[in-house]
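To keep things clear, I will list the structure first and then write my remarks on it.
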Amino acid sequence: MNADTILDMQKISKHFGGVIALHEVDFSCRVNEIHCIAGENGAGKSTLLKIISGLLSADHGQMFLHGKEVQFKSPHEAQKHGIAMVYQELTLIPELTVEENIFLNIEPKNRFSIIDRKKVSAQLAHLMQEYDIELAPKAVVKTLSIAQQQMTEILKILVRNPNIIILDEPTSALAQGEVEKLFHIMRTMKERGKTLLFISHRLDEIFSITDRVTVLKDSRLVGTYETKDLDHGKLIRAMVGRSLTSIFPKPNEIDIERTVFAVESFSVGNKVKDVSFSVYHGEVVGIAGLQGHGQTELLNGIAALMSHTVGKIFINGEQVVANTPWDAIRAGIALVPVDRKTEGLLLELSVKDNLALASLDKRKNSLFLDRKAERSFAKEMVGRLSIKCAGEQVAVKNLSGGNQQKVVLGKELGIEPKVLLFNEPTRGIDIEAKSEFYAIMRKLTSEGVGIIVVSSDLMEVIGICDRVIVLYEGKVSGILAKEEMSEESIMRCAVGLG
Amino acid sequence: MELKHRNMLVQKISGSNYLVGIVLLLMLVGAQIIIPGFLGIRNVGNILKVASFIGIAAIGQTLAILIGGIDMSISNVITLVNIVTAQMMVGDNANIPLTMIVILCIGVVVGCINAFGITYFKIPPIVMTIGMGTVLQGIALLYSKGAPKGNAAPLLRHLVNEPKVFGFTTWVVVFWVVLAALVIVVLRMTAFGRRVFAIGNNRTTARFSGIRINQIIFTCYILSGVFAAITGVILTGYTGTASAEAGAQYSMNSIVAVVVGGTAITGGRGGYGGTILGVIILTILNNILTVMNIPISGVMIAQGLIIIVMVYVYGKEKAKTW
């Protein structure tokens with residue numbers, strides 16, 4: 001064993017019922033490193049991290065911390081041993097301030113058991129300076145952006161001074177600039193001698209920040225590599241077991257004579273201002289921009305989910321007036337929302353029930369739902385989108401992220417949409433599912449469905465879109481054709497320099 | 001696998017947990033041992049008669065809870081309707097049609113106001129319906145001038161009290177059975193039912209899926225008001241007269257029946273089949289305790305404990321199935 005090794009896990013196995021989540025996985029990490037756990041969804045990454053952080057306990061195998069065997073029964077125990085996790089779903093209390101959240105339960109007190117606010121402020125200021133983080137300590141958490149909330153979460157963990165910090169997909173909700181800031185903080189943590197375990201689906205990020213990568217596939221260890229010995233191709237091969245020559249399908253013929261969808265002078269409150277664009281037959285149009293510049297509001301506005309919308313919407317040349325989501329759906333506007341768990345799915349219900357949800361009226365025998373039709377519709381979608389599940393009766397909460405996202409898409413396809421809006425369609429899903437998603441999008445455009453994709457993943461925007469509209473402060477700051485698209489050109493527009 | 005399948009079938013039919021069935025079975029066996037003749041035809045008829053009152057009121061409560069709300073105004077609708085019915089009928093069958101129109105209007109209006117406050121002003125259902133209930137209590141007092149009078153029409157008394165159907169049960173029980181079948185079918189087999197569950201599960205997803213949430217919420221609260229009103233009429237037939245306290249226990253008892261029947265108090269899971277079992281459990285418990293000469297205080301303590309224990313048990317069940 002290397003002297004630098006802080007955590008060493010041997011032959012870790014974990015089962016959930018009959019399903020193997022981890023099979024005899026060896027894993028170790030060192031002091032002073034940023035270590036990525038990579039692999040497709042369902043490969044066992046989260047299970048491994050949850051075992052390290054004490055949320056789950058392994059069925060078999062041993063775990064050594066500083067050479068001593070340990071076994072955590074709860075996250076609290078893991079924390080006492082200096083292991084802390086920044087969860088994907090943030091765990092802050094929205095009504096409390098940044099400061100109150102950070103010091104929750106470890107507030108410094110004076111001898112009368114009253115919270116010593118001066119000490120709190122001083123400690124926090126010191127920490128923020130050390131890590132170069134800017135946040136208003138008195139701000140109420142619910143008023144902060146996702147990125148700022150994440151900073152708060154990270155400070156909350158740092159103030160407890162852990163040795164090992166686990167970050168589960170910390171960049172999935174962040175825009176480019178925010179990711180840079182986070183990486184700066186992560187590097188500072190590393191310099192302070194901490195170990196960072198990190199999950200990301202974005203290959204560029206893995207290469208730009210990690211020292212080593214451990215790849216899991218189908219619940220087993222593929223290997224642990226020095227990042228400098230890897231390239232994109234090698235890493236993808238390790239993750240999926242074969243090389244993906246291109247995950248993006250070829251573009252279709254675009255027919256500029258036929259406009260599938262158009263918005264004219266579209267505004268949503270003060271979030272989206274006077275946006276006009278159209279989508280031609282065969283085209284995928286991207287909407288890019290930094291987080292919070294009106295992309296989500298634009299999509300939700302088109303789907304009639306927002307109040308205070310002004311402007312005209314045309315489908316196949318005819319104006320559509322939609323005042324409620326119900327109207328929009330009947331007009332053929334479908335939306336795959338940004339958050340599949342809270343906006344797209346009923347997690348407790350089955351795959352079949354979720355697929356049927358948006359188009360219940362399409363499958364009725366007079367008064368009653370036609371169960372046969374529902375079943376065959378579900379079967380058709382499961383086949384068409386290759387949704388991996390143990391049957392249509394399984395609750396969607398048991399599916400992996402990629403398959404859940406496919407269920408959301410299948411639900412929207414049920415209404416036979418004329419235009420399909422995607423908000424971050426592949427966030428948090430693995431490469432294989434991503435490429436399947438892109439192929440489906442292409443197929444739909446060739447069938448005449450207009451597709452609009454909001455994405456903060458620039459690789460994705462460049463790869464899948466035929467044209468991209470960049471928003472800055474709710475206004476169109478640039479429209480880029482395929483050949484003009486690059487990360488730089490999009491970013492220039494996104495910061496308002498278009 | 002076979003067993004799992006069977007359980008799913010039971011769950012589908014009752015819309016709840018097979019646990020409720022087991023509890024009911026144990027109670028029946030226990031009761032028959034403690035009280036000879038408990039399962040005799042007369043007592044069964046009697047239990048069904050009493051169960052039908054709470055059973056009809058609990059239809060609305062089931063709907064309100066399934067969509068993630070609650071209806072605390074049921075008690076007060078029942079009391080108001082009881083007073084109005086007695087006063088309007090004054091013991092004459094000829095007054096039945098007009099009385100029915102008026103009390104159905106009461107149910108619809110109360111449901112509308114509840115739903116309006118909940119949807120448009122975003123008032124939490126528990127607050128809205130308690131507030132509304134208190135207003136109704138005041139109206140009842142005003143209307144009766146503090147001294148409820150009048151009595152039920154003979155036909156109504158006959159339908160509620162006389163065990164003329166199949167020699168052991170009343171027309172109201174038949175009415176309940178028909179309603180129950182209807183409600184179960186609507187919840188399980190229609191788009192409306194599916195939407196009710198969708199809203200209770202996750203309102204945002206339901207909205208994003210194009211479900212007209214306000215429409216469904218209005219429907220559920222209006223139905224709750226109407227079924228409470230009908231219960232009020234039936235109760236008037238049962239007691240024959242009006243009382244300022246007639247419906248007092250019904251909000252709470254209907255919630256107990258719904259929750260004991262396995263419907264999640266947070267909505268989205270369960271169904272009326274479970275509520276029926278809950279209603280019968282509740283009625284039998286009352287019956288046993290009464291026969292055993294246990295005072296009302298004991299009955300209340302037992303009910304309170306049962307609801308807490310059931311919710312605890314269901315909570316554990318759910319936690320296990322993640």
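Lettering and numbering for the structure tokens are positional, with chains as A, B, ... in the shown order, residues counted from 1 in each chain, and ligands counted from 1 in the shown order.
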Give one line per residue of chain B that approaches chain A to at most 10 Å, naming the two atoms of the closest pair and their distance in Å to one decimal, counting only C-alpha atoms; sort by chain then ascending residue number and deliver it as a Markdown table.
| residue | atom | partner | partner_atom | distance |
| --- | --- | --- | --- | --- |
| B:Val185 | CA | A:Phe368 | CA | 8.8 |
| B:Val186 | CA | A:Phe368 | CA | 8.2 |
| B:Arg188 | CA | A:Leu369 | CA | 9.0 |
| B:Met189 | CA | A:Phe368 | CA | 5.5 |
| B:Thr190 | CA | A:Phe368 | CA | 4.7 |
| B:Ala191 | CA | A:Leu360 | CA | 6.0 |
| B:Phe192 | CA | A:Leu360 | CA | 9.2 |
| B:Gly193 | CA | A:Leu369 | CA | 9.8 |
| B:Arg194 | CA | A:Leu357 | CA | 7.9 |
| B:Arg195 | CA | A:Leu357 | CA | 7.9 |
| B:Phe197 | CA | A:Leu349 | CA | 9.4 |
| B:Ala198 | CA | A:Leu346 | CA | 6.9 |
| B:Ile199 | CA | A:Leu346 | CA | 9.2 |
| B:Gly200 | CA | A:Leu346 | CA | 9.6 |
| B:Asn201 | CA | A:Leu346 | CA | 6.2 |
| B:Asn202 | CA | A:Leu346 | CA | 6.2 |
| B:Arg203 | CA | A:Glu343 | CA | 8.5 |
| B:Thr204 | CA | A:Glu343 | CA | 5.4 |
| B:Thr205 | CA | A:Glu343 | CA | 4.2 |
| B:Ala206 | CA | A:Glu343 | CA | 7.9 |
| B:Arg207 | CA | A:Pro325 | CA | 7.0 |
| B:Phe208 | CA | A:Glu343 | CA | 6.4 |
| B:Ser209 | CA | A:Ala358 | CA | 4.8 |
| B:Gly210 | CA | A:Trp326 | CA | 4.2 |
| B:Ile211 | CA | A:Trp326 | CA | 6.3 |
| B:Arg212 | CA | A:Trp326 | CA | 6.6 |
| B:Ile213 | CA | A:Trp326 | CA | 9.9 |
| B:Gly268 | CA | A:Glu348 | CA | 9.0 |
| B:Arg269 | CA | A:Glu348 | CA | 8.8 |
| B:Trp322 | CA | A:Asn398 | CA | 8.2 |
Test item, alpha helix (DSSP H) assignment across region 9-147 of chain B, answer as a ChimeraX atom specification
/B:9-14,18-34,41-66,74-89,96-119,125-144
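The coordinates place CA of Ser172 (chain A) at 27.0 Å from CA of Glu483 (chain A).
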Restricting to only C-alpha atoms, whichever of A:Thr259, A:Thr227, A:Asn161, A:Gln405 is closest to Ile206 (chain A) is A:Thr227
Residues within 10 Å of Ala58 (chain B), only C-alpha atoms, excluding chain neighbours under 2 positions, as a ChimeraX atom specification:
/B:52-56,60-64,71,74,224,227-228,231,250-251,253-258,272,275-276,278-279
Residues at most 9 Å from Ile165 (chain A), counting only C-alpha atoms, excluding those fewer than 3 positions away in the same chain, as a tab-separated table (two decimals) with N, CA and C atoms, in the first residue's frame?
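Output saved as selection.tsv:
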chain	number	residue	atom	x	y	z
A	82	GLY	N	-14.12	12.27	9.05
A	82	GLY	CA	-13.58	13.23	8.09
A	82	GLY	C	-13.99	13.01	6.66
A	83	ILE	N	-15.13	12.34	6.44
A	83	ILE	CA	-15.61	12.15	5.07
A	83	ILE	C	-16.94	12.88	4.91
A	84	ALA	N	-17.02	13.75	3.90
A	84	ALA	CA	-18.25	14.51	3.70
A	84	ALA	C	-18.65	14.49	2.25
A	85	MET	N	-19.95	14.57	2.01
A	85	MET	CA	-20.46	14.47	0.65
A	85	MET	C	-21.31	15.68	0.29
A	86	VAL	N	-21.06	16.24	-0.89
A	86	VAL	CA	-21.92	17.29	-1.44
A	86	VAL	C	-22.91	16.58	-2.36
A	157	ILE	N	-19.63	22.19	4.20
A	157	ILE	CA	-18.82	21.02	4.40
A	157	ILE	C	-17.40	21.39	4.83
A	158	LEU	N	-16.87	22.44	4.21
A	158	LEU	CA	-15.49	22.84	4.53
A	158	LEU	C	-15.35	23.28	5.98
A	162	PRO	N	-13.31	18.35	6.66
A	162	PRO	CA	-13.13	16.94	6.34
A	162	PRO	C	-11.83	16.69	5.56
A	194	LYS	N	-6.50	18.02	0.73
A	194	LYS	CA	-7.72	17.23	0.82
A	194	LYS	C	-7.83	16.27	-0.38
A	195	THR	N	-8.63	15.24	-0.19
A	195	THR	CA	-8.89	14.30	-1.26
A	195	THR	C	-10.29	14.58	-1.80
A	196	LEU	N	-10.41	14.70	-3.12
A	196	LEU	CA	-11.72	14.95	-3.69
A	196	LEU	C	-12.14	13.81	-4.59
A	197	LEU	N	-13.32	13.27	-4.31
A	197	LEU	CA	-13.89	12.26	-5.19
A	197	LEU	C	-15.01	12.93	-5.95
A	198	PHE	N	-15.06	12.68	-7.25
A	198	PHE	CA	-15.83	13.55	-8.13
A	198	PHE	C	-16.50	12.70	-9.20
*Restricting the calculation to only C-alpha atoms, which member of B:Leu289, B:Tyr312, B:Ile217, B:Trp176 is positioned closest to Leu48 (chain B)?*
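Of the candidates, the smallest distance to Leu48 (chain B) is held by B:Trp176.
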Practice problem: For CA of Gly30 (chain B) and CA of Gly45 (chain B), quote the distance in Å rounded to one decimal. | Solution: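 CA of Gly45 (chain B) lies at a distance of 18.5 Å from CA of Gly30 (chain B).
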- Which of these, B:Gly273, B:Gly232, B:Gly117, B:Gly150, has the shortest distance to Leu182 (chain B) once you count only C-alpha atoms?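 Residue with the minimum atom-to-atom distance to Leu182 (chain B): B:Gly273.
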Assign secondary structure with DSSP using the backbone only, and return the residues of region 380-483 of chain A in strand (DSSP E) as a count of residues only.
23
Selection near Glu473 (chain A), 9 Å with only C-alpha atoms, sequence-local residues under 4 positions removed, as a list in words
Lys271, Val272, Lys273, Gly289, Gly292, His293, Gly294, Ser477, Ala494 and Gly496 of chain A
Please save N, CA and C atoms of the selected residues as a CSV table (one decimal), in the first residue's frame.
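The resulting file, part_3.csv, is reproduced below:
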chain,number,residue,atom,x,y,z
A,271,LYS,N,-38.3,38.2,-18.1
A,271,LYS,CA,-37.2,37.2,-18.3
A,271,LYS,C,-36.9,37.0,-19.7
A,272,VAL,N,-37.9,37.0,-20.6
A,272,VAL,CA,-37.6,36.8,-22.0
A,272,VAL,C,-38.2,38.1,-22.7
A,273,LYS,N,-37.3,38.7,-23.6
A,273,LYS,CA,-37.7,39.9,-24.2
A,273,LYS,C,-37.7,39.9,-25.7
A,289,GLY,N,-27.0,29.8,-23.8
A,289,GLY,CA,-26.8,31.0,-23.0
A,289,GLY,C,-26.3,30.6,-21.6
A,292,GLY,N,-29.8,31.1,-16.4
A,292,GLY,CA,-30.6,32.2,-15.9
A,292,GLY,C,-30.8,33.3,-16.9
A,293,HIS,N,-30.5,33.1,-18.2
A,293,HIS,CA,-30.7,34.2,-19.1
A,293,HIS,C,-32.0,34.0,-19.9
A,294,GLY,N,-32.9,33.2,-19.4
A,294,GLY,CA,-34.3,33.2,-20.0
A,294,GLY,C,-34.6,32.0,-20.8
A,477,SER,N,-29.0,37.3,-28.5
A,477,SER,CA,-27.8,38.1,-28.7
A,477,SER,C,-27.0,37.5,-29.9
A,494,ALA,N,-23.1,34.6,-25.5
A,494,ALA,CA,-23.7,34.4,-24.2
A,494,ALA,C,-23.4,35.4,-23.2
A,496,GLY,N,-22.9,38.5,-24.1
A,496,GLY,CA,-23.4,39.7,-24.6
A,496,GLY,C,-22.5,40.4,-25.6
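Those residues that approach Leu39 (chain B) to within 12 Å, counting only C-alpha atoms, are Met27, Leu28, Val29, Gly30, Ala31, Gln32, Ile33, Ile34, Val44, Gly45, Asn46, Ile47, Leu48, Ile284, Asn287 and Ile288 of chain B; same-chain residues fewer than 5 positions away are not listed.
Nearest to Glu24 (chain A) of all the residues A:Ile52, A:Leu65, A:Ile154, A:Leu216 is A:Leu216, based on only C-alpha atoms.
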Counting only C-alpha atoms, closest pick from A:Gly282, A:Gly223, A:Gly61, A:Gly428 relative to Asn252 (chain A) is A:Gly282
* Asked: Looking at only C-alpha atoms, which of A:Arg442, A:Lys406, A:Leu7, A:Thr152 is the one that sits closest to Gly67 (chain A)?
  ->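 For Gly67 (chain A), the nearest of the candidates is A:Leu7.
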